[in-house]
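Undergrad: One structure, as structure tokens, below. Some questions next.
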Amino acid sequence: MTAFKRINGFWLSIVLALVFFAVVQLLISGGMLNSFYINTLFFMAINIILAVSLHLIIGITGQFSIGHAGFLAVGAYASAIMTMKLQMPFALALLVGGVAAAVAGLLIGIPTLRLKGDYLAIATLGFGEIVRIILLNVEYVGGASGMTVTHLTTWPWVFFCLLMTIIVIANFTNSTHGRACISIREDEIAADSMGINTTYYKVTAFVIGSFFAGIAGGLYAHNFYIIQPTNFGFLKSFDILIFVVLGGLGSMSGAVIAAILLTVVSTFLQDYPETRMIIYSIVLILVMLYRPKGLLGTQELTSFFRLRRAVGGKQNDNKHTVA
Amino acid sequence: MTTNTPLLKADNVGIHFGGLKALSGVNIELNAGELVGLIGPNGAGKTTFFNLLTGVYEPTEGSIVLGNDKLNGLAPYQITRKGISRTFQNIRLFGELSVLDNVKVAYHSLARHSIFSSIFRLPSHFSGEKEIEEKAIEFLKIFKLESFMYEKAKNLPYGQQRRLEIARALAAHPKLLLLDEPAAGMNPQETQELMNLIAFIRERFHLTILLIEHDMPLVMGVCERIYVLDHGQLIAHGTPEEIRNNPKVIEAYLGEEIS
């Protein structure tokens, strides 16, 4: 019965998402959205993919990684090489971008995930910088002047990549495998002593997270006409980190909402270039002051609905601490 | 003592951290079904010994054998799967997870469904998750924790957290259960309940239990044999009666007599 309801809820959200997709698609093809809004929308969706993929690593598994822009860069350049140098189709390029980033995640994850907390943060920060420096010095991808890329990113691509990211990561989280990852976040020693192969799950979460960062990289690269190593510096990593922390560590809907909110804020602040960073920072400070555990804490949006239903008489629905 | 092969045999086990010898030459044998106490003053190396048994540290000398498997060098999760599980001196629950999910984590190693099937929600995911959930709920009922099922573990009262930690350790299906000061911070009534719980789980799960405890009435009351550690070495071993009257033990606890 509950399984049935859960599936129902799942299909309901899929249907709602598809309706949203169709409406936006209609607006775009009807010429009712100007390119500024379209661009903002794409940028928002790419940011959500990045936020959700990092949420899996930091919020769920508790591994403080701040080199996410490195995976974004690997995905962006790998997919750009596929389309621009090897004339491959966009779909394949996106996939290759994801896989390349996942492989990078695996290679980085195995040695660094032995580290904890601050040490892991520094190691991943180092990785991000290494990627940037390498790209800066490889002539094949244009070095510092960057690489020109055709604009191939369209609304259907952006939307379905976003949907896939959310479904995969939500499904992973809501399973025994996700619980294993959360137990590592809560107490690694106890997780170990409960028979959880902690190294395996840390690396797995890292690889899945990197894969989707790579996909986001492919979309990102083909949304602009040029990609440069400077786009992928550590400030980009911090931007993504801020989405996750501001949304509430451990809350996927929080990460999504924060990504939307901050994209909107920073887009509209582009009209005030002098005070932009000041206002942006003030927004961050205010949110953290009033919501120290992030916008949603560790809650999910859906759990608010469940709570309300529970008050209405059904008690068993409030079942999942989707942390 | 029986002549059968013991369930656990720690042979001449020791560990040193740099120049510091935390434990040396510890020989402990546990037979299946026994309830054995491990006592000693603070800093004697009791918890270190548990950490050696569970793979948190690797012994620098000696060997640890469970049944026929040598445990030296195995990772903690592998040792748990071989059949040793434990509780911790300072409770280590998964605080943000519900009581039910805490127990479900212990069932993780029994899960057959792969990450792939969970991501794509294949039928094996649903059947696997359902099996875990049913087993975990059944388990909580044995421990009378089912009314707290959806509560976050960190919100339970202290005594119930201890209970949950023991339940979680047992859900990993151990042959040998290690309890690290389960009565710490408990009042006499809670300690009594704990003694009943230990007797109950021993009966019900046919377990071997190794117990670290400072609460002497508890240790003397439930243990069949007792090992005494002091300064990283075994100084005595015997029945509670023998231990109570052993001059070395009295000296370790109370200091040397002034002559």
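Every chain in the structure tokens has a letter given in the order shown (A, B, ...), and although residue numbers restart at 1 in each chain, ligands are simply numbered from 1 in the order shown.
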What are the residues of chain B lining chain A at 7 Å or less? Count only C-alpha atoms, and put the answer as a ChimeraX atom specification.

TA: /B:76-78,80-81,85,92,94-98,105-106,108-109,115,118-119,150,169,172

Undergrad: Restrict the selected residues to C-alpha atoms and save them as an mmCIF file, in the first residue's frame.

TA:
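Output file result.cif follows:
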```cif
data_model
loop_
_atom_site.group_PDB
_atom_site.id
_atom_site.type_symbol
_atom_site.label_atom_id
_atom_site.label_comp_id
_atom_site.auth_asym_id
_atom_site.auth_seq_id
_atom_site.Cartn_x
_atom_site.Cartn_y
_atom_site.Cartn_z
ATOM 1 C CA PRO B 76 36.258 -3.510 10.126
ATOM 2 C CA TYR B 77 33.358 -4.173 7.755
ATOM 3 C CA GLN B 78 34.848 -7.517 6.758
ATOM 4 C CA THR B 80 31.612 -7.564 11.037
ATOM 5 C CA ARG B 81 30.564 -9.817 8.180
ATOM 6 C CA SER B 85 29.791 -6.739 16.124
ATOM 7 C CA ARG B 92 27.543 5.979 18.279
ATOM 8 C CA PHE B 94 23.279 7.446 13.334
ATOM 9 C CA GLY B 95 21.586 10.403 15.020
ATOM 10 C CA GLU B 96 19.798 11.966 12.053
ATOM 11 C CA LEU B 97 18.441 8.630 10.897
ATOM 12 C CA SER B 98 15.260 7.154 12.314
ATOM 13 C CA VAL B 105 21.768 -0.056 8.060
ATOM 14 C CA ALA B 106 22.823 -3.170 9.963
ATOM 15 C CA HIS B 108 22.717 -3.633 4.580
ATOM 16 C CA SER B 109 25.201 -6.447 4.126
ATOM 17 C CA ILE B 115 22.995 0.089 -6.839
ATOM 18 C CA SER B 118 17.953 0.853 -6.927
ATOM 19 C CA ILE B 119 18.671 3.714 -9.319
ATOM 20 C CA TYR B 150 10.095 6.789 13.077
ATOM 21 C CA ALA B 169 24.713 -4.525 16.769
ATOM 22 C CA ALA B 172 24.272 -7.484 12.003
#
```

Undergrad: Please identify the helix (DSSP H, G or I) residues within region 79-263 of chain A (assignment by DSSP from backbone atoms) and present them as a ChimeraX atom specification.

TA: /A:79-85,90-112,117-137,139-141,143-145,155-173,176-186,188-193,198-221,229-232,234-247,252-263

Undergrad: Give me, as a PyMOL selection string, all polymer residues having an atom no more than 9 Å from Gly232 (chain B), counting only C-alpha atoms and skipping those fewer than 2 positions away in the same chain.

TA: chain B and resi 14+21-26+43-46+229-230+234

Undergrad: DSSP on the backbone: what in region 45-273 of chain A comes out strand (DSSP E or B), as a PyMOL selection string?

TA: chain A and resi 147-148+226-227

Undergrad: With C-alpha atoms retained, export the selected residues as a PDB file, in the first residue's frame.

TA:
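Writing done, so here's result-v5.pdb:
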```pdb
ATOM      1  CA  MET A 147      38.030  26.782 -27.053  1.00  0.00           C
ATOM      2  CA  THR A 148      35.204  27.881 -29.315  1.00  0.00           C
ATOM      3  CA  ILE A 226      33.561  29.715 -25.793  1.00  0.00           C
ATOM      4  CA  ILE A 227      34.936  27.901 -22.767  1.00  0.00           C
TER       5      ILE A 227
END
```

Undergrad: What lies within 8 Å of Thr263 (chain A) using only C-alpha atoms, ignoring chain neighbours under 3 positions off, as a list in words?

TA: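 After dropping sequence-adjacent residues, the list is Thr40, Phe43, Met44, Asn47, Ala259, Ile260, Ser266 and Thr267 of chain A.
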
Undergrad: Please list as a list in words every residue within 12 Å of region 23-34 of chain A, counting only C-alpha atoms and excluding residues in the same chain fewer than 5 positions away.

TA: Leu16, Ala17, Leu18, Asn39, Thr40, Leu41, Phe42, Thr154, Trp155, Pro156, Trp157, Val158 and Phe159 of chain A

Undergrad: Please produce an output containing C-alpha atoms for each residue in the selection, written as an mmCIF file, in the first residue's frame.

TA:
```
data_model
loop_
_atom_site.group_PDB
_atom_site.id
_atom_site.type_symbol
_atom_site.label_atom_id
_atom_site.label_comp_id
_atom_site.auth_asym_id
_atom_site.auth_seq_id
_atom_site.Cartn_x
_atom_site.Cartn_y
_atom_site.Cartn_z
ATOM 1 C CA LEU A 16 4.155 17.672 -13.275
ATOM 2 C CA ALA A 17 7.724 17.927 -14.530
ATOM 3 C CA LEU A 18 6.642 16.995 -18.057
ATOM 4 C CA ASN A 39 19.666 31.751 -20.913
ATOM 5 C CA THR A 40 18.858 32.318 -17.269
ATOM 6 C CA LEU A 41 16.673 29.232 -17.316
ATOM 7 C CA PHE A 42 19.432 27.082 -18.817
ATOM 8 C CA THR A 154 18.603 23.298 -26.078
ATOM 9 C CA TRP A 155 15.734 23.168 -23.596
ATOM 10 C CA PRO A 156 14.942 19.453 -24.110
ATOM 11 C CA TRP A 157 18.571 18.490 -23.459
ATOM 12 C CA VAL A 158 18.828 20.675 -20.384
ATOM 13 C CA PHE A 159 15.530 19.490 -19.028
#
```

Undergrad: For region 113-117 of chain A, work out the shell of residues within 10 Å, counting only C-alpha atoms and skipping chain neighbours fewer than 5 positions away, then give it as a ChimeraX atom specification.

TA: /A:62-65,108,122-124,198-200,202-203,206

Undergrad: I'd like the contact shell of region 63-65 of chain B - 8 Å cut-off, only C-alpha atoms, skipping same-chain residues fewer than 3 positions apart - returned as a count of residues only.

TA: 13

Undergrad: Using only C-alpha atoms, which of the listed residues (A:Ser53, A:Ser281, A:Ser79, A:Gln87) sits closest to Val99 (chain A)?

TA: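 Looking at the shortest contact to Val99 (chain A), the residue is A:Ser79.
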